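*Asks:* Quick one, protein-v5.cif (mmCIF, C-alpha atoms):
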data_input
loop_
_atom_site.group_PDB
_atom_site.id
_atom_site.type_symbol
_atom_site.label_atom_id
_atom_site.label_comp_id
_atom_site.auth_asym_id
_atom_site.auth_seq_id
_atom_site.Cartn_x
_atom_site.Cartn_y
_atom_site.Cartn_z
ATOM 1 C CA MET A 23 -3.285 14.471 7.157
ATOM 2 C CA THR A 24 -4.101 18.153 7.069
ATOM 3 C CA GLU A 25 -2.552 18.897 3.712
ATOM 4 C CA THR A 26 -4.449 21.233 1.429
ATOM 5 C CA LEU A 27 -6.158 19.139 -1.195
ATOM 6 C CA SER A 28 -7.986 21.781 -3.165
ATOM 7 C CA THR A 29 -6.552 24.173 -5.674
ATOM 8 C CA LYS A 30 -7.702 27.651 -6.663
ATOM 9 C CA ASP A 31 -9.346 26.504 -9.869
ATOM 10 C CA GLY A 32 -12.290 24.141 -9.984
ATOM 11 C CA ALA A 33 -10.504 21.511 -12.075
ATOM 12 C CA LEU A 34 -11.706 17.936 -11.731
ATOM 13 C CA LYS A 35 -9.440 15.655 -9.780
ATOM 14 C CA VAL A 36 -9.559 12.017 -8.819
ATOM 15 C CA TYR A 37 -9.770 11.482 -5.058
ATOM 16 C CA GLU A 38 -10.028 8.472 -2.855
ATOM 17 C CA ILE A 39 -11.536 8.647 0.584
ATOM 18 C CA GLY A 40 -10.843 5.785 2.935
ATOM 19 C CA TYR A 41 -12.867 5.731 6.113
ATOM 20 C CA LEU A 42 -13.015 3.790 9.320
ATOM 21 C CA LEU A 43 -16.306 3.484 11.178
ATOM 22 C CA VAL A 44 -16.464 2.585 14.854
ATOM 23 C CA SER A 45 -17.048 -1.091 15.612
ATOM 24 C CA SER A 46 -19.956 -0.265 17.946
ATOM 25 C CA VAL A 47 -22.187 0.329 14.899
ATOM 26 C CA PRO A 48 -24.585 -2.632 14.401
ATOM 27 C CA THR A 49 -23.709 -4.725 11.327
ATOM 28 C CA GLU A 50 -27.110 -4.175 9.697
ATOM 29 C CA LYS A 51 -26.668 -0.404 9.958
ATOM 30 C CA VAL A 52 -23.271 -0.304 8.231
ATOM 31 C CA ALA A 53 -24.712 -0.554 4.715
ATOM 32 C CA ASP A 54 -27.057 2.385 5.435
ATOM 33 C CA ILE A 55 -24.190 4.517 6.692
ATOM 34 C CA ALA A 56 -22.131 3.634 3.595
ATOM 35 C CA THR A 57 -25.036 4.702 1.374
ATOM 36 C CA SER A 58 -25.482 7.967 3.278
ATOM 37 C CA LEU A 59 -21.771 8.718 2.888
ATOM 38 C CA LYS A 60 -21.986 7.977 -0.833
ATOM 39 C CA ASP A 61 -24.979 10.321 -1.071
ATOM 40 C CA VAL A 62 -22.777 13.133 0.267
ATOM 41 C CA LEU A 63 -20.839 12.831 -2.982
ATOM 42 C CA LEU A 64 -23.772 12.191 -5.285
ATOM 43 C CA LYS A 65 -26.441 14.547 -3.970
ATOM 44 C CA LYS A 66 -25.022 18.018 -3.968
ATOM 45 C CA PRO A 67 -27.832 20.612 -4.266
ATOM 46 C CA GLY A 68 -26.953 23.314 -6.792
ATOM 47 C CA LYS A 69 -23.556 21.774 -7.507
ATOM 48 C CA LYS A 70 -22.196 19.151 -9.847
ATOM 49 C CA ALA A 71 -22.232 15.687 -8.267
ATOM 50 C CA ALA A 72 -19.129 13.592 -7.995
ATOM 51 C CA GLU A 73 -18.536 10.735 -10.401
ATOM 52 C CA ILE A 74 -17.941 7.498 -8.517
ATOM 53 C CA ILE A 75 -15.141 5.476 -10.116
ATOM 54 C CA SER A 76 -14.940 2.541 -7.724
ATOM 55 C CA GLU A 77 -15.790 1.718 -4.148
ATOM 56 C CA GLU A 78 -15.771 -0.942 -1.493
ATOM 57 C CA THR A 79 -18.415 -1.327 1.180
ATOM 58 C CA PRO A 80 -17.196 -1.190 4.795
ATOM 59 C CA GLU A 81 -15.863 -4.440 6.228
ATOM 60 C CA LEU A 82 -15.015 -5.193 9.820
ATOM 61 C CA ILE A 83 -11.243 -5.361 10.252
ATOM 62 C CA GLU A 84 -8.854 -5.850 13.141
ATOM 63 C CA LEU A 85 -6.933 -2.627 13.625
ATOM 64 C CA SER A 86 -3.171 -2.801 13.932
ATOM 65 C CA TYR A 87 -3.281 -0.585 17.016
ATOM 66 C CA THR A 88 -5.888 0.747 19.412
ATOM 67 C CA MET A 89 -7.535 3.980 18.297
ATOM 68 C CA ILE A 90 -9.169 6.449 20.647
ATOM 69 C CA LYS A 91 -12.294 8.469 19.859
ATOM 70 C CA LYS A 92 -13.841 10.994 22.186
ATOM 71 C CA ILE A 93 -17.544 10.197 22.487
ATOM 72 C CA GLY A 94 -19.329 12.653 24.748
ATOM 73 C CA THR A 95 -16.935 13.266 27.606
ATOM 74 C CA ALA A 96 -15.276 9.859 27.666
ATOM 75 C CA ASN A 97 -12.488 8.485 25.522
ATOM 76 C CA GLN A 98 -13.458 5.212 23.926
ATOM 77 C CA ARG A 99 -10.918 2.727 22.649
ATOM 78 C CA PHE A 100 -11.404 0.685 19.484
ATOM 79 C CA ASP A 101 -9.461 -2.376 18.368
ATOM 80 C CA ARG A 102 -11.717 -3.075 15.401
ATOM 81 C CA GLY A 103 -13.470 -0.933 12.816
ATOM 82 C CA TYR A 104 -15.417 -1.002 9.567
ATOM 83 C CA PHE A 105 -13.062 0.001 6.757
ATOM 84 C CA GLY A 106 -14.456 1.161 3.415
ATOM 85 C CA TRP A 107 -13.348 3.420 0.581
ATOM 86 C CA ILE A 108 -14.712 5.365 -2.376
ATOM 87 C CA LYS A 109 -12.773 6.574 -5.398
ATOM 88 C CA PHE A 110 -14.411 9.492 -7.154
ATOM 89 C CA GLU A 111 -13.870 12.440 -9.446
ATOM 90 C CA LEU A 112 -14.817 15.855 -8.116
ATOM 91 C CA SER A 113 -14.078 19.516 -8.553
ATOM 92 C CA ALA A 114 -11.116 20.583 -6.438
ATOM 93 C CA SER A 115 -13.066 23.522 -4.996
ATOM 94 C CA GLU A 116 -15.674 21.223 -3.430
ATOM 95 C CA ILE A 117 -13.450 18.639 -1.816
ATOM 96 C CA GLU A 118 -12.935 20.486 1.478
ATOM 97 C CA GLU A 119 -16.693 20.475 2.049
ATOM 98 C CA VAL A 120 -16.864 16.717 1.410
ATOM 99 C CA LYS A 121 -13.970 16.136 3.773
ATOM 100 C CA LYS A 122 -15.667 18.107 6.547
ATOM 101 C CA THR A 123 -18.938 16.221 6.067
ATOM 102 C CA PHE A 124 -17.162 12.879 6.392
ATOM 103 C CA GLU A 125 -15.228 14.045 9.447
ATOM 104 C CA MET A 126 -18.384 15.285 11.169
ATOM 105 C CA HIS A 127 -20.158 11.928 10.899
ATOM 106 C CA PRO A 128 -20.850 10.672 14.461
ATOM 107 C CA ASP A 129 -19.715 7.094 13.747
ATOM 108 C CA MET A 130 -16.514 8.091 11.962
ATOM 109 C CA LEU A 131 -13.312 6.936 13.615
ATOM 110 C CA ARG A 132 -10.829 8.167 11.040
ATOM 111 C CA ILE A 133 -10.745 9.273 7.388
ATOM 112 C CA LEU A 134 -7.972 9.420 4.823
ATOM 113 C CA LEU A 135 -8.427 11.601 1.756
ATOM 114 C CA ILE A 136 -5.840 11.258 -0.995
ATOM 115 C CA ILE A 137 -5.349 12.362 -4.581
ATOM 116 C CA THR A 138 -4.973 9.339 -6.827
ATOM 117 C CA VAL A 139 -5.314 8.187 -10.449
ATOM 118 C CA LYS A 140 -8.387 6.978 -12.319
ATOM 119 C CA GLU A 141 -6.858 3.577 -13.060
ATOM 120 C CA ASN A 142 -7.275 0.778 -10.564
ATOM 121 C CA THR A 143 -4.316 0.709 -8.181
ATOM 122 C CA PHE A 144 -5.660 -1.789 -5.642
ATOM 123 C CA LEU A 145 -4.383 -5.277 -6.419
ATOM 124 C CA GLY A 146 -6.000 -7.014 -3.444
ATOM 125 C CA LYS A 147 -5.735 -10.778 -3.800
ATOM 126 C CA LYS A 148 -4.210 -10.378 -7.261
ATOM 127 C CA ALA A 149 -0.988 -9.255 -5.588
ATOM 128 C CA PRO A 150 2.113 -11.138 -6.760
ATOM 129 C CA GLU A 151 2.984 -13.933 -4.341
ATOM 130 C CA SER A 152 6.542 -13.231 -3.334
ATOM 131 C CA ALA A 153 9.206 -10.600 -3.680
ATOM 132 C CA THR A 154 11.336 -12.324 -6.262
ATOM 133 C CA VAL A 155 14.923 -11.250 -6.452
ATOM 134 C CA VAL A 156 16.495 -12.174 -9.762
ATOM 135 C CA ALA A 157 20.196 -12.798 -9.830
ATOM 136 C CA THR A 158 21.660 -11.738 -13.125
ATOM 137 C CA GLU A 159 24.528 -13.526 -14.839
ATOM 138 C CA THR A 160 27.777 -12.927 -12.988
ATOM 139 C CA LEU A 161 30.481 -11.531 -15.217
ATOM 140 C CA PRO A 162 34.130 -12.375 -14.531
ATOM 141 C CA ILE A 163 35.844 -9.595 -12.655
ATOM 142 C CA PRO A 164 39.350 -8.776 -13.981
ATOM 143 C CA GLY A 165 42.047 -9.639 -11.499
ATOM 144 C CA ILE A 166 40.067 -12.412 -9.811
ATOM 145 C CA VAL A 167 40.988 -15.874 -11.051
ATOM 146 C CA SER A 168 38.216 -18.438 -11.006
ATOM 147 C CA PRO A 169 38.989 -21.405 -8.715
ATOM 148 C CA VAL A 170 40.554 -24.405 -10.454
ATOM 149 C CA ILE A 171 38.577 -27.620 -10.034
ATOM 150 C CA PRO A 172 40.943 -30.451 -8.960
ATOM 151 C CA ALA A 173 41.032 -33.274 -11.508
ATOM 152 C CA SER A 174 40.521 -36.879 -10.530
ATOM 153 C CA ILE A 175 43.483 -39.326 -10.437
ATOM 154 C CA GLU A 176 42.156 -41.208 -13.509
ATOM 155 C CA ASP A 177 42.020 -38.017 -15.576
ATOM 156 C CA MET A 178 45.528 -37.108 -14.507
ATOM 157 C CA ASP A 179 46.829 -40.569 -15.505
ATOM 158 C CA LYS A 180 45.184 -40.261 -18.931
ATOM 159 C CA SER A 181 46.690 -36.870 -19.586
ATOM 160 C CA ILE A 182 50.163 -38.110 -18.512
ATOM 161 C CA ASP A 183 49.819 -41.091 -20.836
ATOM 162 C CA GLU A 184 48.885 -38.771 -23.733
ATOM 163 C CA MET A 185 51.906 -36.573 -23.023
ATOM 164 C CA VAL A 186 54.230 -39.612 -22.965
ATOM 165 C CA LYS A 187 52.788 -40.839 -26.303
ATOM 166 C CA GLU A 188 53.328 -37.406 -27.887
ATOM 167 C CA ALA A 189 56.929 -37.399 -26.705
ATOM 168 C CA MET B 23 24.213 -10.504 -7.706
ATOM 169 C CA ILE B 24 22.068 -7.578 -8.829
ATOM 170 C CA LYS B 25 18.714 -7.180 -7.090
ATOM 171 C CA GLN B 26 15.826 -5.827 -9.130
ATOM 172 C CA CYS B 27 12.921 -3.681 -8.051
ATOM 173 C CA TYR B 28 9.910 -5.801 -7.063
ATOM 174 C CA PHE B 29 7.458 -3.155 -8.254
ATOM 175 C CA LEU B 30 9.053 -2.730 -11.674
ATOM 176 C CA GLN B 31 9.301 -6.492 -12.125
ATOM 177 C CA ASN B 32 5.606 -6.912 -11.377
ATOM 178 C CA ASN B 33 4.637 -3.806 -13.364
ATOM 179 C CA ILE B 34 3.174 -2.001 -10.335
ATOM 180 C CA ARG B 35 3.176 1.687 -11.248
ATOM 181 C CA GLN B 36 1.133 2.977 -8.314
ATOM 182 C CA ILE B 37 1.545 1.549 -4.828
ATOM 183 C CA ASP B 38 -1.781 1.441 -3.004
ATOM 184 C CA TYR B 39 -1.928 1.821 0.781
ATOM 185 C CA LYS B 40 -4.682 -0.836 0.921
ATOM 186 C CA ASP B 41 -2.365 -3.543 -0.474
ATOM 187 C CA THR B 42 -1.088 -4.416 2.961
ATOM 188 C CA GLU B 43 0.162 -7.867 1.939
ATOM 189 C CA ILE B 44 2.587 -6.221 -0.492
ATOM 190 C CA LEU B 45 3.574 -3.509 1.974
ATOM 191 C CA LYS B 46 4.295 -6.093 4.685
ATOM 192 C CA LYS B 47 6.977 -7.622 2.466
ATOM 193 C CA PHE B 48 8.975 -4.452 2.918
ATOM 194 C CA LEU B 49 8.633 -4.156 6.698
ATOM 195 C CA ASN B 50 10.846 -5.796 9.294
ATOM 196 C CA PRO B 51 9.399 -7.638 12.331
ATOM 197 C CA HIS B 52 9.333 -4.348 14.241
ATOM 198 C CA GLY B 53 7.117 -2.746 11.599
ATOM 199 C CA ARG B 54 9.864 -0.513 10.249
ATOM 200 C CA MET B 55 10.598 -0.139 6.567
ATOM 201 C CA ILE B 56 13.445 -2.133 5.047
ATOM 202 C CA SER B 57 16.117 -0.037 3.352
ATOM 203 C CA ARG B 58 16.265 -0.138 -0.409
ATOM 204 C CA LYS B 59 19.831 -1.337 -0.125
ATOM 205 C CA LYS B 60 18.466 -4.605 1.270
ATOM 206 C CA SER B 61 15.192 -4.855 -0.651
ATOM 207 C CA GLY B 62 16.527 -3.723 -4.022
ATOM 208 C CA VAL B 63 13.561 -1.385 -4.605
ATOM 209 C CA SER B 64 14.161 1.528 -6.986
ATOM 210 C CA ALA B 65 14.393 5.039 -5.555
ATOM 211 C CA LYS B 66 11.097 6.099 -7.126
ATOM 212 C CA SER B 67 9.250 3.049 -5.825
ATOM 213 C CA GLN B 68 10.816 3.430 -2.379
ATOM 214 C CA ARG B 69 9.390 6.964 -2.124
ATOM 215 C CA GLN B 70 5.948 5.727 -3.177
ATOM 216 C CA LEU B 71 6.267 2.813 -0.768
ATOM 217 C CA ALA B 72 7.095 5.142 2.123
ATOM 218 C CA VAL B 73 3.959 7.222 1.464
ATOM 219 C CA ALA B 74 1.793 4.092 1.160
ATOM 220 C CA VAL B 75 3.132 2.638 4.426
ATOM 221 C CA LYS B 76 2.471 5.913 6.270
ATOM 222 C CA ARG B 77 -1.086 6.056 4.921
ATOM 223 C CA ALA B 78 -1.725 2.426 5.878
ATOM 224 C CA ARG B 79 -0.426 3.111 9.383
ATOM 225 C CA PHE B 80 -2.669 6.149 9.783
ATOM 226 C CA ILE B 81 -5.831 4.248 8.842
ATOM 227 C CA GLY B 82 -4.868 1.315 11.084
ATOM 228 C CA LEU B 83 -4.038 -1.273 8.432
ATOM 229 C CA LEU B 84 -0.400 -1.459 9.498
ATOM 230 C CA PRO B 85 1.187 -0.902 12.906
ATOM 231 C CA TYR B 86 3.511 1.974 13.761
ATOM 232 C CA VAL B 87 5.479 -0.358 16.022
ATOM 233 C CA ALA B 88 5.288 -4.119 16.402
ATOM 234 C CA ARG B 89 6.668 -6.594 18.985
#
Would you mind writing the file's structure down as structure tokens?
*Replies:*
Amino acid sequence: MTETLSTKDGALKVYEIGYLLVSSVPTEKVADIATSLKDVLLKKPGKKAAEIISEETPELIELSYTMIKKIGTANQRFDRGYFGWIKFELSASEIEEVKKTFEMHPDMLRILLIITVKENTFLGKKAPESATVVATETLPIPGIVSPVIPASIEDMDKSIDEMVKEA
Amino acid sequence: MIKQCYFLQNNIRQIDYKDTEILKKFLNPHGRMISRKKSGVSAKSQRQLAVAVKRARFIGLLPYVAR
């Protein structure tokens, strides 16, 4: 995820930063860390602060695979982490600085910075239940004759009787 | 039988990487993406879906490989 996110001009763009904090952080400290990370966006001395659009406080989640973070000289493995995200609007010229600040945080396991839209894209529990596949009406294909349903003996007798009467 | 795009049917214009329950519908038991030939997803949505799955994998919400 090393793509260049900023452009030459300082145009405002909507970004979303998803972050994963190490699970070794005490639960009571997580809220403080989340606030300090939010302050990175809001308190920018001499520069215009970011406008927070939406956010979610970090929650402890089971990771789908083990992640490794180098702490000191040893590699530490993490199977769980606190996942949170913030959606905000900020000048494109200032985003690299924000990204670096997040990356440098000592309790940060991983971050994901993306360009997104202002509208809410996260459905969460509102997500539609199942992938419904709708079968449309089948049209008859030329050349393929539809199978003839065999008639019952009674129906056949009736039709024979009608034919005899007509004759 | 004509399959229709799940995302267009449900009016989902932007696929979010955090919607893992939706993304999981389009992964096979090994954690690989299902082809659009099988899922019936439109080409545009399949491209968005691929990006969302890769993002979710990076942040640890979805596995790269399973089983």
*Asks:* Do you have the atom CA of Ala74 of chain B-atom CA of Thr49 of chain A distance handy?
*Replies:*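 A separation of 28.8 Å between them.
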*Asks:* Taking the file as I've supplied it (selection: the PyMOL selection byres ((chain A and resi 78) around 10)), which residues are included? Please answer as a VMD selection string.
*Replies:* chain A and resid 40 56 76 to 77 79 to 81 105 to 109
*Asks:* So that each row is one residue of chain B with an atom at most 7 Å from chain A, can you give its shortest atom pair and the distance in Å to one decimal, using all atoms listed in the file, rows by chain and rising number, as a tab-separated table?
*Replies:*
residue	atom	partner	partner_atom	distance
B:Met23	CA	A:Ala157	CA	5.1
B:Ile24	CA	A:Ala157	CA	5.6
B:Lys25	CA	A:Val155	CA	5.6
B:Gln26	CA	A:Val155	CA	6.1
B:Tyr28	CA	A:Ala153	CA	5.9
B:Gln36	CA	A:Thr143	CA	5.9
B:Ile37	CA	A:Thr143	CA	6.8
B:Asp38	CA	A:Phe144	CA	5.7
B:Lys40	CA	A:Phe144	CA	6.7
B:Asp41	CA	A:Gly146	CA	5.8
B:Ile44	CA	A:Ala149	CA	6.9
B:Ile81	CA	A:Arg132	CA	6.7
B:Gly82	CA	A:Leu85	CA	5.1
B:Leu83	CA	A:Ser86	CA	5.8
B:Leu84	CA	A:Ser86	CA	5.4
B:Pro85	CA	A:Ser86	CA	4.9
*Asks:* So how many Å separate atom CA of Gly94 of chain A and atom CA of Lys121 of chain A, to one decimal?
*Replies:*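 Separating atom CA of Gly94 of chain A from atom CA of Lys121 of chain A is a distance of 21.9 Å.
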*Asks:* Between atom CA of Glu118 of chain A and atom CA of Leu59 of chain A, what is the distance, to one decimal in Å?
*Replies:*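 Going from atom CA of Glu118 of chain A over to atom CA of Leu59 of chain A, I get 14.8 Å.
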*Asks:* Which of these residues is nearest to Ile39 of chain A, using only C-alpha atoms: A:Phe110, A:Asp61, A:Lys51, A:Thr95?
*Replies:* A:Phe110
*Asks:* Give me the result of the PyMOL selection byres ((chain B and resi 64) around 9) on this file, residue by residue, as a list in words.
*Replies:* Gln26, Cys27, Tyr28, Phe29, Leu30, Arg58, Gly62, Val63, Ala65, Lys66, Ser67, Gln68 and Arg69 of chain B
*Asks:* Missing atoms in segment 46-63 of chain B should be modelled up to N, CA, C and O atoms and reported as a CSV table (one decimal), keeping the file's coordinate frame.
*Replies:*
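Done, and the output landed in rebuild.csv:
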chain,number,residue,atom,x,y,z
B,46,LYS,N,3.7,-5.3,3.6
B,46,LYS,CA,4.3,-6.1,4.7
B,46,LYS,C,5.6,-6.8,4.3
B,46,LYS,O,6.4,-7.0,5.1
B,47,LYS,N,5.7,-7.0,3.0
B,47,LYS,CA,7.0,-7.6,2.5
B,47,LYS,C,8.2,-6.7,2.7
B,47,LYS,O,9.3,-7.2,2.7
B,48,PHE,N,7.9,-5.4,2.8
B,48,PHE,CA,9.0,-4.5,2.9
B,48,PHE,C,9.1,-3.9,4.3
B,48,PHE,O,9.6,-2.8,4.5
B,49,LEU,N,8.5,-4.6,5.3
B,49,LEU,CA,8.6,-4.2,6.7
B,49,LEU,C,9.4,-5.2,7.5
B,49,LEU,O,9.3,-6.4,7.2
B,50,ASN,N,10.1,-4.8,8.5
B,50,ASN,CA,10.8,-5.8,9.3
B,50,ASN,C,9.9,-6.2,10.4
B,50,ASN,O,8.8,-5.7,10.6
B,51,PRO,N,10.3,-7.2,11.3
B,51,PRO,CA,9.4,-7.6,12.3
B,51,PRO,C,9.0,-6.5,13.3
B,51,PRO,O,8.0,-6.7,14.0
B,52,HIS,N,9.7,-5.5,13.4
B,52,HIS,CA,9.3,-4.3,14.2
B,52,HIS,C,8.3,-3.4,13.6
B,52,HIS,O,7.9,-2.4,14.2
B,53,GLY,N,8.0,-3.6,12.3
B,53,GLY,CA,7.1,-2.7,11.6
B,53,GLY,C,7.8,-1.6,10.9
B,53,GLY,O,7.1,-0.7,10.4
B,54,ARG,N,9.1,-1.6,10.9
B,54,ARG,CA,9.9,-0.5,10.2
B,54,ARG,C,10.2,-0.9,8.8
B,54,ARG,O,10.3,-2.1,8.5
B,55,MET,N,10.3,0.1,8.0
B,55,MET,CA,10.6,-0.1,6.6
B,55,MET,C,12.0,-0.7,6.3
B,55,MET,O,12.9,-0.2,7.0
B,56,ILE,N,12.1,-1.6,5.4
B,56,ILE,CA,13.4,-2.1,5.0
B,56,ILE,C,14.1,-1.2,4.1
B,56,ILE,O,13.4,-0.6,3.2
B,57,SER,N,15.4,-1.0,4.2
B,57,SER,CA,16.1,0.0,3.4
B,57,SER,C,16.2,-0.6,1.9
B,57,SER,O,16.1,-1.8,1.7
B,58,ARG,N,16.2,0.3,1.0
B,58,ARG,CA,16.3,-0.1,-0.4
B,58,ARG,C,17.6,-0.8,-0.8
B,58,ARG,O,17.7,-1.6,-1.8
B,59,LYS,N,18.6,-0.6,0.1
B,59,LYS,CA,19.8,-1.3,-0.1
B,59,LYS,C,19.6,-2.8,0.1
B,59,LYS,O,20.2,-3.7,-0.6
B,60,LYS,N,18.7,-3.2,1.0
B,60,LYS,CA,18.5,-4.6,1.3
B,60,LYS,C,17.4,-5.1,0.4
B,60,LYS,O,17.4,-6.3,-0.1
B,61,SER,N,16.3,-4.3,0.1
B,61,SER,CA,15.2,-4.9,-0.7
B,61,SER,C,15.4,-4.8,-2.2
B,61,SER,O,14.7,-5.5,-2.9
B,62,GLY,N,16.3,-3.9,-2.6
B,62,GLY,CA,16.5,-3.7,-4.0
B,62,GLY,C,15.5,-2.9,-4.8
B,62,GLY,O,15.4,-2.9,-6.0
B,63,VAL,N,14.6,-2.2,-4.0
B,63,VAL,CA,13.6,-1.4,-4.6
B,63,VAL,C,14.2,-0.1,-5.2
B,63,VAL,O,15.1,0.4,-4.6
